[in-house]
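Working notes, beginning with the structure itself.
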Amino acid sequence: MKPGTDIAENLAKVKARIAGAAEAAGRDPGAVTLVAVGKAFPPETIKPALEAGHRDFGENRVQEAIDKWPGLKEAFANARLRLIGPLQRNKVRRAVALFDVIETVDRLKLARGLAAEMDRSGLRPDCLVQVNTGEEPQKAGVLPREADALIGACGDELGPPLKGLMCIPPIGEEASLHFALLREIARRNGLGDLSMGMSADFEVAVAFGATHVRLGTAVFGPRPPFNAAGSG
Ligand SMILES: *Cc1c(COP(=O)(O)O)cnc(C)c1O
């Protein structure tokens, strides 16, 4: 088979399923963006998705994205890249330079660092606050009971680039409870973007109002094992 055929087909299939889930929920299918998660895959695997016309991508490691994406962005100038994994302060400058959206703001110091770097560089990637809806000790994100305070403080620091919230529900739990919680926190804070739903549960996420679903294996197939743990 021609390399990339599978990926183009996978994209078409998941886009149809997203549209179906949106319509079933009485939502506009155009209000849900498929974010293709390329983590652990080389640029050669990601390129067919770009060639098929897809433009929204996610990576969960800054260094890996720096190694892979400058070349791809050069070839596909309107590709949009989202950081969906943890961001350390010492990588803020490089992250702001490369990513169009940073989904993993989870502490005030980081929001301050991002705001300072945005002022310095003039680049203003959109930002989401990551909420640890399952209160898992090993997982990044602000605890739900501390979310309103952090969102307010991050909004003061970041201003309009603060667009919404992101979560990664615990494995093995009913994801819909976490999606509903994230939607409620966003609603009461007046935020529009909801990044939630992965390959196993994106249709549920769409039913609960996801504006961005992050799909890795459903688009690119099983990840190479050495990197499968990732951060999600
Ligand atoms: C890897 C990852 C995904 C994609 O996971 P799949 O189950 O392969 O769709 C989504 N979000 C985050 C934060 C991830 O790390």
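Ligands are numbered from 1 in the order shown, chains are lettered A, B, ... in the order of the structure tokens, and residues start at 1 in each chain.
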
Using only C-alpha atoms and all ligand atoms, I'd like a table of the residues in chain A that come within 8 Å of ligand 1; for each, show the closest atom pair and its distance in Å rounded to one decimal, ordered by chain and ascending number, as a tab-separated table.
```
residue	atom	partner	partner_atom_place_in_ligand_line	distance
A:Ala36	CA	ligand 1	4 (C)	7.9
A:Val37	CA	ligand 1	4 (C)	5.6
A:Lys39	CA	ligand 1	1 (C)	6.5
A:Gly58	CA	ligand 1	11 (N)	7.9
A:Glu59	CA	ligand 1	15 (O)	7.5
A:Asn60	CA	ligand 1	15 (O)	5.5
A:Ile84	CA	ligand 1	13 (C)	4.8
A:Gly85	CA	ligand 1	13 (C)	5.7
A:Cys167	CA	ligand 1	13 (C)	7.8
A:Ile168	CA	ligand 1	13 (C)	6.3
A:Met196	CA	ligand 1	11 (N)	7.9
A:Gly197	CA	ligand 1	10 (C)	7.4
A:Met198	CA	ligand 1	9 (O)	4.2
A:Ser199	CA	ligand 1	9 (O)	3.6
A:Ala200	CA	ligand 1	7 (O)	6.1
A:Val213	CA	ligand 1	10 (C)	7.8
A:Arg214	CA	ligand 1	10 (C)	4.6
A:Leu215	CA	ligand 1	9 (O)	3.6
A:Gly216	CA	ligand 1	8 (O)	3.5
A:Thr217	CA	ligand 1	8 (O)	3.9
A:Ala218	CA	ligand 1	9 (O)	5.9
A:Val219	CA	ligand 1	9 (O)	7.8
A:Gly221	CA	ligand 1	8 (O)	8.0
A:Pro222	CA	ligand 1	8 (O)	7.4
A:Arg223	CA	ligand 1	8 (O)	7.5
A:Ala228	CA	ligand 1	1 (C)	7.9
A:Gly230	CA	ligand 1	15 (O)	5.8
A:Ser231	CA	ligand 1	15 (O)	5.1
A:Gly232	CA	ligand 1	15 (O)	3.7
```

Q: Using only C-alpha atoms, determine which residues lie at most 10 Å from Arg93 (chain A), disregarding the query and same-chain residues fewer than 4 positions distant; provide the list as a ChimeraX atom specification.
A: /A:89,97-98,113-114,116-118,120-121

Take the residues from that selection and write them out as a tab-separated table (two decimals), in the first residue's frame, keeping all heavy atoms.
```tsv
chain	number	residue	atom	x	y	z
A	89	ARG	N	9.62	25.66	32.99
A	89	ARG	CA	9.92	27.08	32.82
A	89	ARG	C	11.10	27.33	31.86
A	89	ARG	O	11.09	28.27	31.08
A	89	ARG	CB	10.26	27.71	34.19
A	89	ARG	CG	9.02	28.08	34.99
A	89	ARG	CD	8.27	29.26	34.40
A	89	ARG	NE	9.05	30.48	34.43
A	89	ARG	CZ	9.25	31.24	35.49
A	89	ARG	NH1	8.70	30.89	36.65
A	89	ARG	NH2	9.97	32.33	35.43
A	97	ALA	N	7.97	30.08	20.86
A	97	ALA	CA	8.43	30.27	19.49
A	97	ALA	C	7.82	29.23	18.53
A	97	ALA	O	7.61	29.51	17.36
A	97	ALA	CB	9.96	30.19	19.43
A	98	LEU	N	7.54	28.03	19.04
A	98	LEU	CA	7.13	26.94	18.14
A	98	LEU	C	5.63	26.66	18.14
A	98	LEU	O	5.05	26.38	17.09
A	98	LEU	CB	7.87	25.65	18.53
A	98	LEU	CG	7.57	24.42	17.67
A	98	LEU	CD1	8.03	24.64	16.23
A	98	LEU	CD2	8.25	23.18	18.25
A	113	GLY	N	5.56	33.35	33.42
A	113	GLY	CA	6.67	33.16	32.49
A	113	GLY	C	6.20	33.28	31.05
A	113	GLY	O	6.88	33.88	30.21
A	114	LEU	N	5.04	32.70	30.76
A	114	LEU	CA	4.50	32.77	29.40
A	114	LEU	C	4.14	34.21	29.04
A	114	LEU	O	4.45	34.68	27.94
A	114	LEU	CB	3.26	31.88	29.28
A	114	LEU	CG	3.54	30.37	29.20
A	114	LEU	CD1	2.26	29.57	29.48
A	114	LEU	CD2	4.11	30.00	27.84
A	116	ALA	N	5.42	36.97	30.22
A	116	ALA	CA	6.65	37.75	30.02
A	116	ALA	C	7.27	37.44	28.67
A	116	ALA	O	7.72	38.34	27.95
A	116	ALA	CB	7.64	37.45	31.15
A	117	GLU	N	7.27	36.16	28.30
A	117	GLU	CA	7.85	35.77	27.01
A	117	GLU	C	7.00	36.28	25.85
A	117	GLU	O	7.53	36.64	24.79
A	117	GLU	CB	8.04	34.25	26.95
A	117	GLU	CG	8.59	33.72	25.65
A	117	GLU	CD	9.94	34.34	25.25
A	117	GLU	OE1	10.65	34.89	26.12
A	117	GLU	OE2	10.28	34.28	24.05
A	118	MET	N	5.70	36.31	26.02
A	118	MET	CA	4.83	36.86	24.97
A	118	MET	C	5.13	38.34	24.77
A	118	MET	O	5.22	38.81	23.62
A	118	MET	CB	3.36	36.66	25.34
A	118	MET	CG	2.89	35.22	25.26
A	118	MET	SD	1.11	35.11	25.62
A	118	MET	CE	0.93	33.36	25.88
A	120	ARG	N	7.94	39.86	25.45
A	120	ARG	CA	9.28	39.98	24.90
A	120	ARG	C	9.30	39.68	23.41
A	120	ARG	O	9.90	40.40	22.61
A	120	ARG	CB	10.23	39.02	25.63
A	120	ARG	CG	11.71	39.28	25.38
A	120	ARG	CD	12.56	38.07	25.75
A	120	ARG	NE	12.29	36.94	24.86
A	120	ARG	CZ	12.83	36.79	23.66
A	120	ARG	NH1	13.69	37.67	23.20
A	120	ARG	NH2	12.50	35.76	22.91
A	121	SER	N	8.61	38.59	23.02
A	121	SER	CA	8.72	38.10	21.63
A	121	SER	C	7.65	38.68	20.71
A	121	SER	O	7.81	38.66	19.50
A	121	SER	CB	8.59	36.58	21.61
A	121	SER	OG	7.29	36.19	22.04
```

Q) Quick one: distance from CA of Ile46 (chain A) to CA of Ala8 (chain A) in Å, one decimal? A) 10.6 Å

(Q) Give me the residues near region 62-70 of chain A as an MDAnalysis selection string, where near means some atom within 7 Å (using only C-alpha atoms) and where sequence neighbours in that chain fewer than 3 positions away do not count. (A) chainID A and resid 43 59 73:74 95

Q.
Using DSSP assignments from the backbone, pull out every residue in region 87-231 of chain A that falls under alpha helix (DSSP H) and give it to me as a VMD selection string.
A. chain A and resid 92 to 98 108 to 121 144 to 158 175 to 188 202 to 207 217 to 220

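With only C-alpha atoms as the basis for measurement, A:Lys163 is the residue among A:His212, A:Arg27, A:Lys13, A:Lys163 that approaches Arg124 (chain A) most closely.
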
(Q) Report, in Å to a single decimal, how far apart CA of Leu50 (chain A) and CA of Phe76 (chain A) are. (A)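 So the answer is 7.2 Å.
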